[in-house]
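Here's the structure we're looking at; comments come further down.
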Amino acid sequence: MMLNLFSSSIIRVVAGGELHRLTLPQTLATLMRDEVESFPGLRPHQRHAWHMFLAQLGAIALHRAQRSEAPQDAEDWADLLPALTGGAQEPWSLVVADLSKPAFLQPPVPEKSLSALKNAIPTPDALDVLIAAKNFDVKAAVAAAAEPDEWLFALVSLQTMEGFLGAGNYGIARMNGGFSARPFLGLAPMKGGPGAHLRRDILAMLALRRRQPDIYELYDDEGLALLWLEPWDGKASLPLSRLDPWFIEICRRVRFVPQGDGFIVRSVGTAAARIDAKALNGVTGDFWAPVNDAEGKAFSLD
């Protein structure tokens with residue numbers, strides 16, 4: 001079981017009043033046609049993470065291909081996305097047995113041993129960013145019969161939105177300190193659904209990069225965009241100068257490991273954050289992050 005996002009139809013969408021199961025390229029194409037009404041497996045707090053992930057991914061793929069319009073055909077996306085990984089399929093698969101290779105949002109494990117990943121994660125809502133330690137309202141770790149897309153959404157939420165949760169559990173670079181949050185401020189079309197909003201943001205990102213390249217002077221225009229492609233021993237941090245301005249980050253060492261007919265999820269803490277950006281106070285050029293100019297910090301909502 002690899003659960004490859006190009007060949008496995010694991011993403012549930014409601015379109016035309018009916019439930020469909022789509023691949024990632026099919027999902028992007030359906031969104032660009034603004035036919036998606038909802039994602040049944042997507043929890044409310046995950047919506048912004050999923051939107052931002054798809055927008056960054058779409059914008060990176062189109063920019064690298066020197067295209068200015070978002071295609072509405074799945075075949076086009078199926079050509080654009082693999083170009084970001086040199087044609088390799090493992091980086092688009094949730095489950096990859098070979099730990100020396102990347103899996104989706106999961107970096108290669110230099111130790112090449114499962115024993116390096118000490119912590120077992122039983123359910124997607126135990127993996128996810130939402131903190132429910134008191135167990136009052138949203139109950140923790142109860143999604144025992146989860147579908148693959150629930151794991152997908154939880155993984156995107158964790159790796160692109162998580163904050164600092166104690167020693168060894170570092171957060172993302174795109175927030176003002178580990179106890180803040182990644183802000184989401186933007187515009188959406190008056191008409192249309194999530195697809196119209198996504199298409200608007202992708203095209204706006206492309207236009208911004210053409211018009212104001214100085215915003216991204218800290219970065220490498222051809223730098224690392226998908227951070228899970230790079231092996232990570234948990235000790236080294238990446239400088240922004242090695243990254244694409246729209247880099248899709250990961251903040252935790254996590255692996256989905258095949259077991260029987262399914263998989264288990266293992267993780268381990270790290271000695272350092274994945275990205276060396278603490279001095280920037282979250283001002284990383286994130287498309288959705290308002291900045292407090294007076295303080296030189298990304299906005300934090302108390």
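Convention: chains lettered A, B, ... in structure tokens order; per-chain residue numbering from 1; ligands numbered from 1 as shown.
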
Select from stretch 40-104 of chain A every residue with an atom at most 10 Å from any atom of stretch 215-226 of chain A, then for each give the shortest pair of atoms and their distance in Å to one decimal, using only C-alpha atoms, rows by chain and rising number, as a Markdown table.
| residue | atom | partner | partner_atom | distance |
| --- | --- | --- | --- | --- |
| A:Gln56 | CA | A:Ala225 | CA | 9.4 |
| A:Leu57 | CA | A:Leu226 | CA | 8.7 |
| A:Ile60 | CA | A:Ala225 | CA | 7.5 |
| A:Ala61 | CA | A:Ala225 | CA | 9.7 |
| A:His63 | CA | A:Asp221 | CA | 9.9 |
| A:Arg64 | CA | A:Glu222 | CA | 8.2 |
| A:Leu84 | CA | A:Leu226 | CA | 7.9 |
| A:Thr85 | CA | A:Leu226 | CA | 8.3 |
| A:Pro91 | CA | A:Leu226 | CA | 9.1 |
| A:Phe104 | CA | A:Leu226 | CA | 9.5 |

If we count only C-alpha atoms, what is near A:Asp149 at a cut-off of 10 Å, once residues fewer than 5 positions away on the same chain are taken out, given as a PyMOL selection string? chain A and resi 3+9-12+21+39-42+124+154-155

Which of stretch 54-270 of chain A end up as alpha helix (DSSP H) when DSSP is run on this backbone - answer as an MDAnalysis selection string? chainID A and resid 54:64 74:80 124:127 148:161 194:211

Given only C-alpha atoms as the counted atoms, nearest of A:Leu105, A:Met175, A:Met161, A:Ala271 to A:Glu230: A:Leu105

Within 6 Å of A:Thr270, counting only C-alpha atoms, which residues show up once you throw out same-chain ones fewer than 2 positions away? Write them as an MDAnalysis selection string, please. chainID A and resid 168 234 272

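Shortest atom-to-atom contact with A:Phe53 among A:Phe247, A:Phe179, A:Trp151, A:Phe263: A:Phe247, counting only C-alpha atoms.
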
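Straight-line separation from atom CA of A:Leu198 to atom CA of A:Trp288: 12.5 Å.
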
Rank A:Thr30, A:Met2, A:Ala49, A:Leu227 by their smallest atom-to-atom distance to A:Ala15, using only C-alpha atoms, and report the top residue only. A:Thr30

Counting only C-alpha atoms, give me one row per residue of stretch 186-261 of chain A with an atom at most 10 Å from an atom of stretch 113-120 of chain A, showing the shortest contact pair and its distance in Å to one decimal, sorted by chain then residue number, as a tab-separated table.
residue	atom	partner	partner_atom	distance
A:Asp233	CA	A:Ala116	CA	9.7
A:Arg253	CA	A:Leu117	CA	8.1
A:Val254	CA	A:Leu117	CA	7.7
A:Arg255	CA	A:Leu117	CA	8.0
A:Val257	CA	A:Leu114	CA	8.5

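All residues of protein, DNA or RNA that reach within 10 Å of A:Trp228, judged by only C-alpha atoms and not counting those fewer than 4 positions away in the chain, are Pro91, Lys101, Pro102, Ala103, Phe104, Leu105, Gln106, Pro107, Pro108, Gln159, Leu224, Trp232, Ile248, Glu249, Ile250, Cys251 and Arg253 of chain A.
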